[in-house]
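What's in my_file12.txt: compact mmCIF, C-alpha atoms
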# COMPACT_ATOMS: atom_id res chain seq x y z
CA MET A 9 0.00 0.00 0.00
CA LYS A 10 2.94 2.27 -0.65
CA LEU A 11 0.94 4.24 -3.21
CA LEU A 12 -1.62 5.52 -0.72
CA GLU A 13 0.79 6.03 2.20
CA ASN A 14 3.00 8.43 0.33
CA PRO A 15 1.08 9.17 -2.84
CA PHE A 16 3.34 11.85 -4.31
CA GLY A 17 6.73 10.45 -3.31
CA ILE A 18 9.67 12.75 -3.90
CA HIS A 19 7.76 14.89 -6.39
CA GLU A 20 5.93 16.82 -3.71
CA ARG A 21 9.25 18.13 -2.34
CA ALA A 22 10.73 18.40 -5.80
CA LEU A 23 8.01 20.82 -6.89
CA ALA A 24 8.97 23.15 -4.03
CA VAL A 25 12.64 22.98 -5.05
CA ARG A 26 11.81 23.61 -8.73
CA ASN A 27 9.79 26.60 -7.65
CA GLN A 28 12.63 27.93 -5.51
CA ARG A 29 14.99 27.62 -8.47
CA LEU A 30 12.58 29.53 -10.74
CA GLU A 31 12.40 32.22 -8.10
CA LEU A 32 16.19 32.51 -7.81
CA ILE A 33 16.63 32.82 -11.57
CA ALA A 34 13.81 35.38 -11.75
CA GLY A 35 15.80 37.31 -9.12
CA ASN A 36 18.94 37.05 -11.25
CA ILE A 37 17.10 38.40 -14.31
CA ALA A 38 15.58 41.18 -12.21
CA ASN A 39 19.08 42.18 -11.08
CA ALA A 40 20.69 42.00 -14.52
CA ASP A 41 21.63 45.71 -14.26
CA THR A 42 22.47 45.90 -10.56
CA PRO A 43 26.15 46.70 -9.88
CA HIS A 44 28.04 44.10 -7.77
CA PHE A 45 25.14 41.62 -7.90
CA LYS A 46 26.24 37.98 -7.83
CA ALA A 47 23.98 35.54 -9.70
CA ARG A 48 22.91 32.50 -7.70
CA ASP A 49 21.49 29.11 -8.52
CA LEU A 50 20.39 25.92 -6.79
CA ASP A 51 22.38 22.71 -6.89
CA PHE A 52 19.77 19.96 -6.99
CA LYS A 53 22.35 17.30 -6.10
CA LYS A 54 23.35 19.13 -2.92
CA ILE A 55 19.72 19.44 -1.86
CA LEU A 56 19.17 15.73 -2.37
CA ALA A 57 22.32 15.03 -0.34
CA SER A 58 21.09 17.20 2.53
CA GLU A 59 17.85 15.18 2.64
CA ASN A 60 20.02 12.24 3.64
CA PRO A 61 22.97 13.95 5.31
CA THR A 62 26.37 12.42 5.83
CA PRO A 63 28.46 14.96 7.74
CA MET A 64 32.22 14.55 8.14
CA ALA A 65 32.96 11.53 10.29
CA ALA A 66 35.16 11.80 13.38
CA THR A 67 37.56 8.93 12.85
CA HIS A 68 40.07 9.82 15.57
CA ALA A 69 39.67 10.45 19.30
CA LYS A 70 40.98 14.00 18.89
CA HIS A 71 38.61 14.96 16.06
CA TYR A 72 35.80 17.34 16.79
CA GLN A 73 32.31 16.16 15.91
CA THR A 74 30.84 18.29 13.16
CA GLY A 75 27.12 18.13 12.64
CA GLU A 76 27.25 20.75 9.93
CA LEU A 77 27.13 20.04 6.24
CA GLU A 78 28.82 22.34 3.82
CA ASN A 79 26.13 24.54 2.23
CA PRO A 80 23.02 22.50 3.13
CA GLY A 81 20.56 24.75 1.25
CA GLY A 82 22.17 23.90 -2.08
CA LEU A 83 22.61 27.60 -2.86
CA VAL A 84 25.60 28.23 -5.14
CA TYR A 85 27.03 31.27 -6.88
CA ARG A 86 27.17 31.21 -10.64
CA VAL A 87 30.63 31.44 -12.23
CA PRO A 88 30.31 33.85 -15.18
CA TYR A 89 31.80 33.10 -18.59
CA ASN A 90 32.96 36.70 -18.89
CA SER A 91 33.32 39.03 -15.95
CA SER A 92 31.93 42.54 -16.26
CA VAL A 93 33.45 45.78 -15.00
CA ASP A 94 30.66 46.59 -12.53
CA GLY A 95 31.10 43.29 -10.67
CA ASN A 96 27.74 41.93 -11.84
CA THR A 97 27.85 38.22 -12.70
CA VAL A 98 24.43 37.98 -14.39
CA GLU A 99 24.73 37.01 -18.04
CA ILE A 100 21.27 37.54 -19.39
CA SER A 101 21.42 34.92 -22.14
CA VAL A 102 22.63 32.29 -19.65
CA GLU A 103 19.87 33.22 -17.24
CA GLN A 104 17.24 33.07 -19.99
CA ALA A 105 18.39 29.58 -20.92
CA LYS A 106 18.42 28.47 -17.28
CA TYR A 107 14.98 29.94 -16.72
CA GLY A 108 13.63 27.99 -19.68
CA GLU A 109 15.29 24.86 -18.34
CA ALA A 110 13.86 25.42 -14.87
CA ALA A 111 10.38 25.98 -16.33
CA ALA A 112 10.65 22.71 -18.25
CA ASP A 113 11.83 20.92 -15.06
CA TYR A 114 8.86 22.33 -13.20
CA GLN A 115 6.49 21.02 -15.86
CA THR A 116 8.18 17.62 -15.72
CA THR A 117 7.55 17.39 -11.98
CA LEU A 118 3.97 18.49 -12.58
CA GLN A 119 3.61 15.74 -15.15
CA PHE A 120 4.81 13.14 -12.62
CA LEU A 121 2.35 14.46 -10.04
CA GLU A 122 -0.47 14.31 -12.58
CA GLY A 123 0.49 10.71 -13.30
CA ARG A 124 0.34 9.82 -9.63
CA ILE A 125 -3.03 11.49 -9.21
CA SER A 126 -4.57 9.80 -12.20
CA GLY A 127 -3.14 6.46 -10.96
CA ILE A 128 -4.82 6.87 -7.59
CA ARG A 129 -8.05 7.91 -9.26
CA LYS A 130 -7.99 4.80 -11.39
CA ALA A 131 -7.29 2.61 -8.33
CA LEU A 132 -10.15 4.17 -6.34
CA ARG A 133 -12.62 3.87 -9.17
CA ALA A 134 -12.17 0.08 -9.14
CA GLU A 135 -13.44 -0.51 -12.61
CA MET B 1 7.59 30.29 -1.21
CA SER B 2 5.15 30.20 -4.03
CA ILE B 3 5.05 31.05 -7.67
CA LYS B 4 3.49 34.37 -6.70
CA ASN B 5 6.91 35.48 -5.47
CA ILE B 6 8.20 35.35 -9.05
CA PHE B 7 5.56 37.87 -10.09
CA GLY B 8 6.72 40.07 -7.22
CA ILE B 9 10.40 39.82 -8.12
CA ALA B 10 9.77 40.53 -11.81
CA GLY B 11 7.46 43.36 -10.74
CA THR B 12 10.22 45.10 -8.78
CA ALA B 13 12.44 44.82 -11.86
CA LEU B 14 9.75 46.24 -14.17
CA ASN B 15 9.35 49.11 -11.77
CA ALA B 16 13.10 49.79 -11.64
CA GLN B 17 13.41 49.68 -15.43
CA VAL B 18 10.50 52.09 -15.84
CA ILE B 19 12.24 54.52 -13.50
CA ARG B 20 15.39 54.11 -15.61
CA MET B 21 13.41 54.85 -18.79
CA ASN B 22 11.83 57.88 -17.14
CA THR B 23 15.18 59.35 -16.12
CA THR B 24 16.47 58.73 -19.65
CA ALA B 25 13.43 60.47 -21.15
CA SER B 26 14.00 63.39 -18.80
CA ASN B 27 17.69 63.53 -19.77
CA ILE B 28 16.88 63.59 -23.50
CA ALA B 29 14.19 66.23 -22.97
CA ASN B 30 16.71 68.42 -21.15
CA ALA B 31 19.60 67.87 -23.56
CA GLY B 32 19.20 71.40 -24.91
CA THR B 33 18.64 73.14 -21.58
CA VAL B 34 21.03 76.03 -20.94
CA SER B 35 21.62 77.96 -17.73
CA PRO B 36 23.56 81.04 -16.69
CA THR B 37 25.73 79.38 -14.00
CA GLU B 38 27.69 76.15 -13.88
CA ALA B 39 25.96 74.98 -10.69
CA GLU B 40 22.51 75.36 -12.24
CA ALA B 41 23.39 73.53 -15.47
CA PHE B 42 21.37 70.39 -16.11
CA ARG B 43 23.23 67.18 -15.39
CA ALA B 44 22.12 63.78 -16.70
CA LYS B 45 20.35 61.71 -14.04
CA ARG B 46 21.31 58.09 -13.45
CA PRO B 47 19.37 55.62 -11.28
CA VAL B 48 21.49 53.33 -9.07
CA PHE B 49 20.03 49.84 -8.70
CA ARG B 50 20.33 47.76 -5.59
CA ALA B 51 19.38 44.11 -5.01
CA LEU B 52 16.90 43.29 -2.25
CA VAL B 53 18.93 40.64 -0.48
CA ASP B 54 18.06 40.84 3.22
CA GLN B 55 15.13 41.83 5.39
CA ALA B 56 16.52 45.33 6.03
CA ASP B 57 16.40 46.14 2.31
CA LEU B 58 12.75 45.44 1.82
CA ASN B 59 10.49 48.23 0.74
CA ARG B 60 7.18 48.54 2.41
CA GLY B 61 4.46 47.38 0.06
CA ALA B 62 6.91 45.36 -2.09
CA PRO B 63 8.20 42.64 0.22
CA TYR B 64 10.01 40.47 -2.30
CA LEU B 65 13.47 39.14 -1.48
CA GLY B 66 15.56 38.71 -4.60
CA GLY B 67 14.04 41.69 -6.38
CA VAL B 68 15.63 45.03 -7.15
CA LYS B 69 15.01 48.63 -6.20
CA VAL B 70 16.30 52.04 -7.19
CA LYS B 71 18.59 53.03 -4.33
CA GLU B 72 19.11 56.61 -5.43
CA ILE B 73 19.26 58.81 -8.50
CA VAL B 74 22.60 60.51 -8.96
CA ASP B 75 23.89 63.20 -11.32
CA ASP B 76 26.28 62.20 -14.06
CA THR B 77 29.76 63.54 -13.22
CA LEU B 78 30.73 64.51 -16.78
CA PRO B 79 31.72 68.22 -16.97
CA VAL B 80 29.21 70.68 -18.46
CA ARG B 81 30.21 72.71 -21.50
CA LYS B 82 30.59 76.49 -21.35
CA VAL B 83 29.65 78.26 -24.57
CA HIS B 84 29.96 81.93 -25.55
CA ASP B 85 26.50 82.99 -26.71
CA PRO B 86 25.84 86.63 -25.76
CA GLY B 87 22.52 86.70 -27.67
CA ASN B 88 21.02 84.02 -25.47
CA PRO B 89 18.57 85.41 -22.89
CA GLU B 90 20.08 83.00 -20.30
CA ALA B 91 23.65 84.31 -20.86
CA ASN B 92 25.52 85.72 -17.84
CA GLU B 93 27.30 89.12 -17.77
CA GLU B 94 30.27 87.74 -19.67
CA GLY B 95 27.98 86.32 -22.37
CA TYR B 96 28.45 82.67 -21.47
CA VAL B 97 25.81 79.94 -21.09
CA PHE B 98 26.32 76.48 -19.60
CA LEU B 99 24.96 73.55 -21.60
CA SER B 100 23.81 70.29 -20.09
CA ASN B 101 26.19 67.30 -19.96
CA VAL B 102 23.64 65.00 -21.65
CA ASN B 103 25.02 62.83 -24.43
CA GLU B 104 22.11 61.85 -26.67
CA VAL B 105 23.80 58.71 -27.98
CA THR B 106 24.44 57.43 -24.45
CA GLU B 107 20.83 58.13 -23.57
CA MET B 108 19.49 56.28 -26.60
CA VAL B 109 21.63 53.25 -25.72
CA GLU B 110 20.43 53.48 -22.12
CA MET B 111 16.83 53.58 -23.35
CA MET B 112 17.35 50.49 -25.52
CA ALA B 113 19.02 48.59 -22.64
CA ALA B 114 16.19 49.49 -20.26
CA SER B 115 13.58 48.43 -22.79
CA ARG B 116 15.30 45.06 -23.38
CA SER B 117 15.59 44.41 -19.63
CA TYR B 118 11.91 45.28 -19.30
CA GLN B 119 11.02 42.76 -22.02
CA ASN B 120 13.10 40.06 -20.29
CA ASN B 121 11.12 40.51 -17.11
CA VAL B 122 7.80 40.52 -18.97
CA GLU B 123 8.85 37.15 -20.39
CA VAL B 124 9.61 35.88 -16.88
CA VAL B 125 6.11 36.88 -15.78
CA SER B 126 4.47 35.24 -18.77
CA THR B 127 6.31 31.93 -18.21
CA ALA B 128 5.49 31.97 -14.49
CA ARG B 129 1.85 32.60 -15.35
CA GLN B 130 1.76 29.58 -17.66
CA LEU B 131 3.31 27.38 -14.97
CA MET B 132 0.82 28.64 -12.40
CA MET B 133 -2.08 27.82 -14.75
CA ARG B 134 -0.71 24.33 -15.35
CA THR B 135 -0.36 23.79 -11.60
CA LEU B 136 -4.00 24.72 -11.15
CA GLU B 137 -4.98 22.13 -13.74
CA ILE B 138 -3.22 19.33 -11.83
CA THR B 139 -6.48 18.17 -10.26
CA LYS B 140 -7.97 17.50 -13.69
CA ALA B 141 -5.40 14.79 -14.38
Would you put the structure from the file into structure tokens?
Amino acid sequence: MKLLENPFGIHERALAVRNQRLELIAGNIANADTPHFKARDLDFKKILASENPTPMAATHAKHYQTGELENPGGLVYRVPYNSSVDGNTVEISVEQAKYGEAAADYQTTLQFLEGRISGIRKALRAE
Amino acid sequence: MSIKNIFGIAGTALNAQVIRMNTTASNIANAGTVSPTEAEAFRAKRPVFRALVDQADLNRGAPYLGGVKVKEIVDDTLPVRKVHDPGNPEANEEGYVFLSNVNEVTEMVEMMAASRSYQNNVEVVSTARQLMMRTLEITKA
């Protein structure tokens, strides 16, 4: 009965992450002309890792225990292809491409969710 | 955290770009303005953008982290030109008038850049709107 216990699986959380990424890139595009603005992005892999964290292990009696993971939110700064004189690292064409990609990712997750919902519907209808 | 935030962020950018276009329009309109003293001469206005990155930055009425606002509008520091034109009614005792430091070409480029940035943000809004509509339709699956 896995389907009804956790009907949406990882996609429920994934939708929130996709949305956060869209928001970040929208912020980058909004700040395309802001001096000293540093473009940011989300690293999906890092977020997945922080769902199941493995902090540095203390393998020696004199090691300190560290409960902290490096950058748990998955927030990373974008490295620009060409740096600009005003210190802004937003490259509008890159951001446009990433925004399109993020929008497609969002729709993919939506598609998975729709699949789950229609699956449950079918199961409940018992035809 | 919802898709609505994207509308807010793009909205702050649209607002900032409109202010930029307005200052540019004002600069072009005043390109031919002359004045009798150097201090009074018209200087091109430039908006300075600032990212809204922490709580202290937030404007009232536009609480969107990640957006942008116009921090201040400063005068361009280019020197103004002094021209001998004794017939001009604005000329001082020595017959000089001070022109503005507006460069029309710079202003036209600025206007184009602002308009392109505006279009980018309109596109962001339109994509976000489509995604929001699709999310609403999820129950019809």
Listing only residues of chain A within 6 Å of chain B, what is the closest atom pair and its distance in Å (to one decimal) for each, using all atoms listed in the file, sorted by chain and residue number ascending, as a tab-separated table?
residue	atom	partner	partner_atom	distance
A:Glu31	CA	B:Ile6	CA	5.3
A:Gly35	CA	B:Gly66	CA	4.7
A:Ala38	CA	B:Ala13	CA	4.8
A:Asn39	CA	B:Val68	CA	6.0
A:Thr42	CA	B:Phe49	CA	5.0
A:Glu122	CA	B:Ala141	CA	5.3
A:Ser126	CA	B:Ala141	CA	5.5
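Checking A:Arg133, A:His71, A:Lys106, A:Lys46 one by one against A:Tyr85, counting all atoms listed in the file, you find the shortest gap at A:Lys46.
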Can you report as lines of an AutoDock Vina configuration file the centre and edge lengths in Å, to one decimal, of an axis-aligned box around the listed atoms of stretch 91-107 of chain A padded with 6 Å on each side?
center_x = 24.2
center_y = 37.5
center_z = -16.4
size_x = 30.5
size_y = 30.1
size_z = 23.5
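The interatomic distance for the pair atom CA of B:Pro47 and atom CA of B:Ala29 works out to 16.6 Å.
Shortest separation to A:Leu30 among A:Leu132, A:Leu56, A:Ala110, A:Val84 occurs at residue A:Ala110, atoms counted being only C-alpha atoms.
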Practice task
Show which residues sit within 12 Å of A:Ser101, as a count of residues only. Count all atoms listed in the file, and ignore same-chain residues fewer than 2 positions away.
Solution key: 18
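As for atom CA of B:Met108 and atom CA of A:Ile100, they are spaced 20.2 Å apart.
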Practice task
Give me the residues within 12 Å of A:Val93 as a list in words, counting all atoms listed in the file and dropping any in the same chain fewer than 6 places off.
Solution key: Asp41, Thr42, Pro43, His44 and Phe45 of chain A
